[in-house]
file entry-v2.pdb (PDB, C-alpha atoms)
ATOM      1  CA  MET A 244      20.163  23.377 -17.326
ATOM      2  CA  VAL A 245      18.006  24.913 -14.637
ATOM      3  CA  ILE A 246      19.027  27.382 -11.931
ATOM      4  CA  ARG A 247      16.799  27.340  -8.864
ATOM      5  CA  PRO A 248      16.879  28.091  -5.133
ATOM      6  CA  ALA A 249      18.263  25.208  -3.104
ATOM      7  CA  LEU A 250      15.863  23.153  -1.007
ATOM      8  CA  PRO A 251      16.578  21.491   2.352
ATOM      9  CA  ALA A 252      16.548  18.117   0.572
ATOM     10  CA  ASP A 253      19.515  19.306  -1.550
ATOM     11  CA  ALA A 254      21.898  19.352   1.441
ATOM     12  CA  PRO A 255      23.471  15.889   0.912
ATOM     13  CA  ALA A 256      23.970  16.431  -2.825
ATOM     14  CA  LEU A 257      25.450  19.910  -2.293
ATOM     15  CA  ALA A 258      27.798  18.549   0.371
ATOM     16  CA  ALA A 259      29.011  15.794  -1.961
ATOM     17  CA  LEU A 260      29.364  18.163  -4.921
ATOM     18  CA  GLY A 261      31.233  20.803  -2.911
ATOM     19  CA  GLU A 262      33.655  18.256  -1.480
ATOM     20  CA  ARG A 263      34.253  16.613  -4.866
ATOM     21  CA  LEU A 264      34.899  19.915  -6.645
ATOM     22  CA  TRP A 265      37.207  21.155  -3.884
ATOM     23  CA  ARG A 266      39.169  17.919  -4.053
ATOM     24  CA  GLU A 267      39.435  18.086  -7.866
ATOM     25  CA  THR A 268      40.561  21.712  -7.787
ATOM     26  CA  TYR A 269      42.983  21.742  -4.870
ATOM     27  CA  ALA A 270      44.394  18.210  -4.452
ATOM     28  CA  GLY A 271      48.111  18.503  -5.087
ATOM     29  CA  LEU A 272      48.094  22.276  -4.480
ATOM     30  CA  ILE A 273      47.253  22.093  -0.777
ATOM     31  CA  PRO A 274      48.885  19.588   1.590
ATOM     32  CA  ALA A 275      46.582  16.587   2.033
ATOM     33  CA  ALA A 276      46.216  17.012   5.808
ATOM     34  CA  ASN A 277      45.075  20.623   5.412
ATOM     35  CA  LEU A 278      42.734  19.687   2.573
ATOM     36  CA  GLU A 279      41.096  16.962   4.669
ATOM     37  CA  LEU A 280      40.699  19.304   7.667
ATOM     38  CA  HIS A 281      39.043  21.914   5.483
ATOM     39  CA  LEU A 282      36.703  19.429   3.842
ATOM     40  CA  ALA A 283      35.649  18.007   7.224
ATOM     41  CA  GLU A 284      34.945  21.497   8.595
ATOM     42  CA  THR A 285      33.200  22.870   5.507
ATOM     43  CA  PHE A 286      31.273  20.128   3.768
ATOM     44  CA  GLY A 287      28.832  17.563   4.997
ATOM     45  CA  PRO A 288      25.073  17.279   5.103
ATOM     46  CA  ALA A 289      24.895  18.890   8.567
ATOM     47  CA  GLN A 290      26.926  21.944   7.480
ATOM     48  CA  GLN A 291      24.937  22.296   4.261
ATOM     49  CA  SER A 292      21.629  21.923   6.103
ATOM     50  CA  ALA A 293      22.656  24.664   8.533
ATOM     51  CA  GLU A 294      23.563  26.994   5.672
ATOM     52  CA  LEU A 295      20.288  26.283   3.888
ATOM     53  CA  ALA A 296      18.373  27.070   7.101
ATOM     54  CA  ASP A 297      20.336  30.269   7.830
ATOM     55  CA  PRO A 298      18.191  33.321   6.958
ATOM     56  CA  ALA A 299      21.351  35.287   6.061
ATOM     57  CA  CYS A 300      22.191  32.755   3.320
ATOM     58  CA  ARG A 301      20.791  32.017  -0.118
ATOM     59  CA  THR A 302      21.893  29.114  -2.283
ATOM     60  CA  LEU A 303      21.269  28.837  -6.005
ATOM     61  CA  VAL A 304      21.674  25.412  -7.593
ATOM     62  CA  LEU A 305      22.454  24.681 -11.232
ATOM     63  CA  THR A 306      21.070  21.293 -12.188
ATOM     64  CA  GLY A 307      21.304  19.148 -15.259
ATOM     65  CA  THR A 308      18.796  16.345 -15.651
ATOM     66  CA  SER A 309      18.460  15.851 -11.907
ATOM     67  CA  GLU A 310      21.820  16.155 -10.186
ATOM     68  CA  PRO A 311      23.370  19.444  -9.078
ATOM     69  CA  LEU A 312      26.250  20.463 -11.341
ATOM     70  CA  GLY A 313      27.062  23.701  -9.582
ATOM     71  CA  TYR A 314      25.926  26.089  -6.906
ATOM     72  CA  ALA A 315      26.431  29.524  -5.445
ATOM     73  CA  LEU A 316      26.204  30.216  -1.720
ATOM     74  CA  LEU A 317      25.385  33.840  -1.015
ATOM     75  CA  ARG A 318      25.326  35.497   2.371
ATOM     76  CA  ALA A 319      24.734  38.878   3.844
ATOM     77  CA  ALA A 320      28.113  39.257   5.501
ATOM     78  CA  ARG A 321      30.504  41.991   6.434
ATOM     79  CA  PRO A 322      33.164  42.404   3.772
ATOM     80  CA  ALA A 323      36.596  40.890   4.341
ATOM     81  CA  THR A 324      38.168  44.288   3.799
ATOM     82  CA  PRO A 325      36.946  47.843   4.338
ATOM     83  CA  SER A 326      37.756  48.574   0.694
ATOM     84  CA  VAL A 327      34.529  46.860  -0.466
ATOM     85  CA  PRO A 328      32.643  50.012  -1.480
ATOM     86  CA  PHE A 329      29.028  49.065  -0.799
ATOM     87  CA  GLU A 330      26.462  49.947   1.834
ATOM     88  CA  ARG A 331      24.397  46.758   1.364
ATOM     89  CA  PRO A 332      26.807  44.110   0.023
ATOM     90  CA  LEU A 333      26.140  40.453  -0.576
ATOM     91  CA  GLU A 334      28.999  37.953  -0.397
ATOM     92  CA  VAL A 335      29.412  35.209  -2.961
ATOM     93  CA  ALA A 336      30.797  32.768  -0.392
ATOM     94  CA  ARG A 337      30.942  29.799  -2.765
ATOM     95  CA  PHE A 338      30.701  29.585  -6.525
ATOM     96  CA  TYR A 339      31.233  26.031  -7.732
ATOM     97  CA  LEU A 340      30.764  24.448 -11.119
ATOM     98  CA  ASP A 341      31.442  20.914 -12.317
ATOM     99  CA  ARG A 342      34.437  20.808 -14.684
ATOM    100  CA  ARG A 343      32.304  19.183 -17.362
ATOM    101  CA  LEU A 344      30.563  22.548 -17.740
ATOM    102  CA  HIS A 345      33.686  24.703 -18.017
ATOM    103  CA  GLY A 346      33.614  26.677 -21.243
ATOM    104  CA  THR A 347      29.887  26.133 -21.873
ATOM    105  CA  GLY A 348      28.584  29.457 -20.549
ATOM    106  CA  ALA A 349      26.992  27.757 -17.524
ATOM    107  CA  ALA A 350      29.170  29.680 -15.056
ATOM    108  CA  LEU A 351      28.135  32.991 -16.581
ATOM    109  CA  ARG A 352      24.465  31.966 -16.405
ATOM    110  CA  LEU A 353      24.863  31.072 -12.739
ATOM    111  CA  MET A 354      26.626  34.375 -12.034
ATOM    112  CA  GLU A 355      23.873  36.279 -13.848
ATOM    113  CA  ALA A 356      21.346  34.560 -11.571
ATOM    114  CA  VAL A 357      23.437  35.531  -8.523
ATOM    115  CA  LEU A 358      23.550  39.180  -9.618
ATOM    116  CA  ALA A 359      19.819  39.235 -10.393
ATOM    117  CA  LEU A 360      18.991  37.799  -6.972
ATOM    118  CA  ALA A 361      21.297  40.263  -5.221
ATOM    119  CA  GLY A 362      19.725  43.189  -7.055
ATOM    120  CA  SER A 363      16.172  41.985  -6.394
ATOM    121  CA  GLU A 364      16.949  41.830  -2.667
ATOM    122  CA  GLY A 365      18.220  45.429  -2.621
ATOM    123  CA  HIS A 366      21.963  44.788  -2.467
ATOM    124  CA  ASP A 367      24.067  47.473  -4.109
ATOM    125  CA  GLY A 368      27.024  45.200  -4.822
ATOM    126  CA  VAL A 369      28.503  41.747  -4.442
ATOM    127  CA  TRP A 370      31.945  40.712  -3.285
ATOM    128  CA  LEU A 371      33.944  37.517  -3.045
ATOM    129  CA  GLN A 372      37.327  36.130  -2.182
ATOM    130  CA  VAL A 373      39.379  34.090  -4.636
ATOM    131  CA  TRP A 374      42.690  32.364  -4.005
ATOM    132  CA  GLU A 375      45.448  34.345  -5.659
ATOM    133  CA  GLN A 376      46.830  31.092  -7.101
ATOM    134  CA  ASN A 377      43.625  30.219  -8.969
ATOM    135  CA  PRO A 378      44.099  31.983 -12.321
ATOM    136  CA  ARG A 379      41.127  30.326 -14.030
ATOM    137  CA  ALA A 380      38.692  31.602 -11.394
ATOM    138  CA  ARG A 381      40.288  35.047 -11.411
ATOM    139  CA  ARG A 382      39.874  35.286 -15.194
ATOM    140  CA  PHE A 383      36.238  34.230 -14.947
ATOM    141  CA  TYR A 384      35.431  36.810 -12.273
ATOM    142  CA  ALA A 385      37.129  39.550 -14.316
ATOM    143  CA  LYS A 386      35.045  38.504 -17.335
ATOM    144  CA  ALA A 387      31.943  38.722 -15.107
ATOM    145  CA  GLY A 388      32.761  42.341 -14.240
ATOM    146  CA  PHE A 389      34.499  41.962 -10.881
ATOM    147  CA  THR A 390      37.493  44.128  -9.996
ATOM    148  CA  GLU A 391      40.088  43.677  -7.297
ATOM    149  CA  VAL A 392      39.518  45.856  -4.242
ATOM    150  CA  GLY A 393      41.788  44.289  -1.631
ATOM    151  CA  GLU A 394      43.127  41.144  -0.090
ATOM    152  CA  ALA A 395      42.258  38.863   2.803
ATOM    153  CA  THR A 396      43.394  35.613   4.343
ATOM    154  CA  PHE A 397      41.653  32.266   4.063
ATOM    155  CA  ARG A 398      42.347  29.303   6.321
ATOM    156  CA  VAL A 399      42.542  25.807   4.849
ATOM    157  CA  GLY A 400      43.148  23.471   7.755
ATOM    158  CA  GLU A 401      46.315  24.770   9.408
ATOM    159  CA  GLN A 402      47.405  26.686   6.309
ATOM    160  CA  VAL A 403      46.649  30.377   5.827
ATOM    161  CA  ASP A 404      46.489  31.562   2.213
ATOM    162  CA  ARG A 405      46.188  34.986   0.691
ATOM    163  CA  ASP A 406      43.038  35.685  -1.285
ATOM    164  CA  ARG A 407      42.140  38.544  -3.553
ATOM    165  CA  VAL A 408      38.932  40.366  -2.682
ATOM    166  CA  LEU A 409      36.870  41.203  -5.753
ATOM    167  CA  ALA A 410      33.735  43.329  -6.012
ATOM    168  CA  ARG A 411      31.111  44.308  -8.522
ATOM    169  CA  GLY A 412      28.511  47.031  -8.126
ATOM    170  CA  LEU A 413      24.845  46.580  -8.949
ATOM    171  CA  PRO A 414      22.370  49.118 -10.255
ATOM    172  CA  ILE A 415      20.027  50.475  -7.632
ATOM    173  CA  LEU A 416      16.512  49.248  -8.484
TER
END
call {"tool": "encode", "arguments": {"input": "entry-v2.pdb", "output": "structure tokens"}}
result
Amino acid sequence: MVIRPALPADAPALAALGERLWRETYAGLIPAANLELHLAETFGPAQQSAELADPACRTLVLTGTSEPLGYALLRAARPATPSVPFERPLEVARFYLDRRLHGTGAALRLMEAVLALAGSEGHDGVWLQVWEQNPRARRFYAKAGFTEVGEATFRVGEQVDRDRVLARGLPIL
């Protein structure tokens, strides 16, 4: 496995991967109409291309032989809650990994790359939102050193869910 910065040419593959993983994770948990609205608004080559071109965003891709198997979208963004305790935070806006890699250590390697990038760019901490009804993700983030600092809402189509806001500090370099 290789972790590398995403390239503009990765947009279609990232769009397809993001949509597939969202569908696999949330189908049956979120009403189909809301799921489809969210997927249409969030994923697609045009949306991914815009994120890759945005100077406030960074995307790291985990690849196998050639195809992306996971990615992390990072952005310099204001925290969802004032309880995020950093002066220069970086948001982990997306952190996706193909199910075939669950339990292999790949997620931890991708998170280590996220934290290294954040530190190298002078961020003093990272934060993210995770759906409160996603126990697997919450366990992973706790294992990766994140702690709960608040809550926020997240819209999926017409549905508004409650997320937990998690944060992890970084050493000042």
call {"tool": "closest_residue", "arguments": {"input": "entry-v2.pdb", "among": "A:Met244, A:Arg266, A:Phe329, A:Gly348", "to": "Asp367 of chain A", "atoms": "only C-alpha atoms"}}
result
A:Phe329
call {"tool": "closest_residue", "arguments": {"input": "entry-v2.pdb", "among": "A:Leu351, A:Leu257, A:Ala410, A:Ala336", "to": "Ala289 of chain A", "atoms": "all atoms listed in the file"}}
result
A:Leu257
call {"tool": "residues_around", "arguments": {"input": "entry-v2.pdb", "residues": "Phe383 of chain A", "least_positions_apart": "5", "cutoff": "10 Å", "atoms": "only C-alpha atoms", "output": "PyMOL selection string"}}
result
chain A and resi 350-351+378+388-389
call {"tool": "write_last_selection", "arguments": {"input": "entry-v2.pdb", "atoms": "C-alpha atoms", "output": "mmCIF file, in the coordinates of the input"}}
result
data_model
loop_
_atom_site.group_PDB
_atom_site.id
_atom_site.type_symbol
_atom_site.label_atom_id
_atom_site.label_comp_id
_atom_site.auth_asym_id
_atom_site.auth_seq_id
_atom_site.Cartn_x
_atom_site.Cartn_y
_atom_site.Cartn_z
ATOM 1 C CA ALA A 350 29.170 29.680 -15.056
ATOM 2 C CA LEU A 351 28.135 32.991 -16.581
ATOM 3 C CA PRO A 378 44.099 31.983 -12.321
ATOM 4 C CA GLY A 388 32.761 42.341 -14.240
ATOM 5 C CA PHE A 389 34.499 41.962 -10.881
#
call {"tool": "atom_distance", "arguments": {"input": "entry-v2.pdb", "atom1": "atom CA of Leu280 of chain A", "atom2": "atom CA of Leu260 of chain A"}}
result
17.0 Å
call {"tool": "resolve_selection", "arguments": {"input": "entry-v2.pdb", "expression": "the PyMOL selection byres ((chain A and resi 261) around 10)", "output": "ChimeraX atom specification"}}
result
/A:255-260,262-267,282,285-287,291,312-314,337-341
call {"tool": "residues_around", "arguments": {"input": "entry-v2.pdb", "residues": "Leu303 of chain A", "least_positions_apart": "3", "cutoff": "7 Å", "atoms": "all atoms listed in the file", "output": "ChimeraX atom specification"}}
result
/A:246-249,314-316
call {"tool": "residues_around", "arguments": {"input": "entry-v2.pdb", "residues": "segment 357-364 of chain A", "least_positions_apart": "4", "cutoff": "8 Å", "atoms": "all atoms listed in the file", "output": "list in words"}}
result
Leu303, Ala315, Leu317, Leu333, Leu353, Gly368, Val369, Leu413, Pro414, Ile415 and Leu416 of chain A
call {"tool": "resolve_selection", "arguments": {"input": "entry-v2.pdb", "expression": "the PyMOL selection byres ((chain A and resi 377) around 12)", "output": "number ranges by chain"}}
result
A: 268-269, 272, 372-376, 378-384, 404-407
call {"tool": "atom_distance", "arguments": {"input": "entry-v2.pdb", "atom1": "atom CA of Val403 of chain A", "atom2": "atom CA of Glu279 of chain A"}}
result
14.6 Å
call {"tool": "closest_residue", "arguments": {"input": "entry-v2.pdb", "among": "A:Leu371, A:Gln402, A:Arg411, A:Glu330", "to": "Thr390 of chain A", "atoms": "all atoms listed in the file"}}
result
A:Arg411
call {"tool": "closest_residue", "arguments": {"input": "entry-v2.pdb", "among": "A:Ala275, A:Ala387, A:Leu250, A:Val408", "to": "Arg301 of chain A", "atoms": "only C-alpha atoms"}}
result
A:Leu250
call {"tool": "closest_residue", "arguments": {"input": "entry-v2.pdb", "among": "A:Ala270, A:Ala320, A:Val392, A:Leu409", "to": "Cys300 of chain A", "atoms": "only C-alpha atoms"}}
result
A:Ala320
call {"tool": "atom_distance", "arguments": {"input": "entry-v2.pdb", "atom1": "atom CA of Pro328 of chain A", "atom2": "atom CA of Trp370 of chain A"}}
result
9.5 Å
call {"tool": "closest_residue", "arguments": {"input": "entry-v2.pdb", "among": "A:Leu305, A:Val335, A:Met354, A:Ala252", "to": "Ala293 of chain A", "atoms": "only C-alpha atoms"}}
result
A:Ala252
call {"tool": "residues_near_point", "arguments": {"input": "entry-v2.pdb", "point": "(41.2, 25.2, 7.0)", "cutoff": "7 Å", "atoms": "only C-alpha atoms", "output": "VMD selection string"}}
result
chain A and resid 277 280 to 281 398 to 402
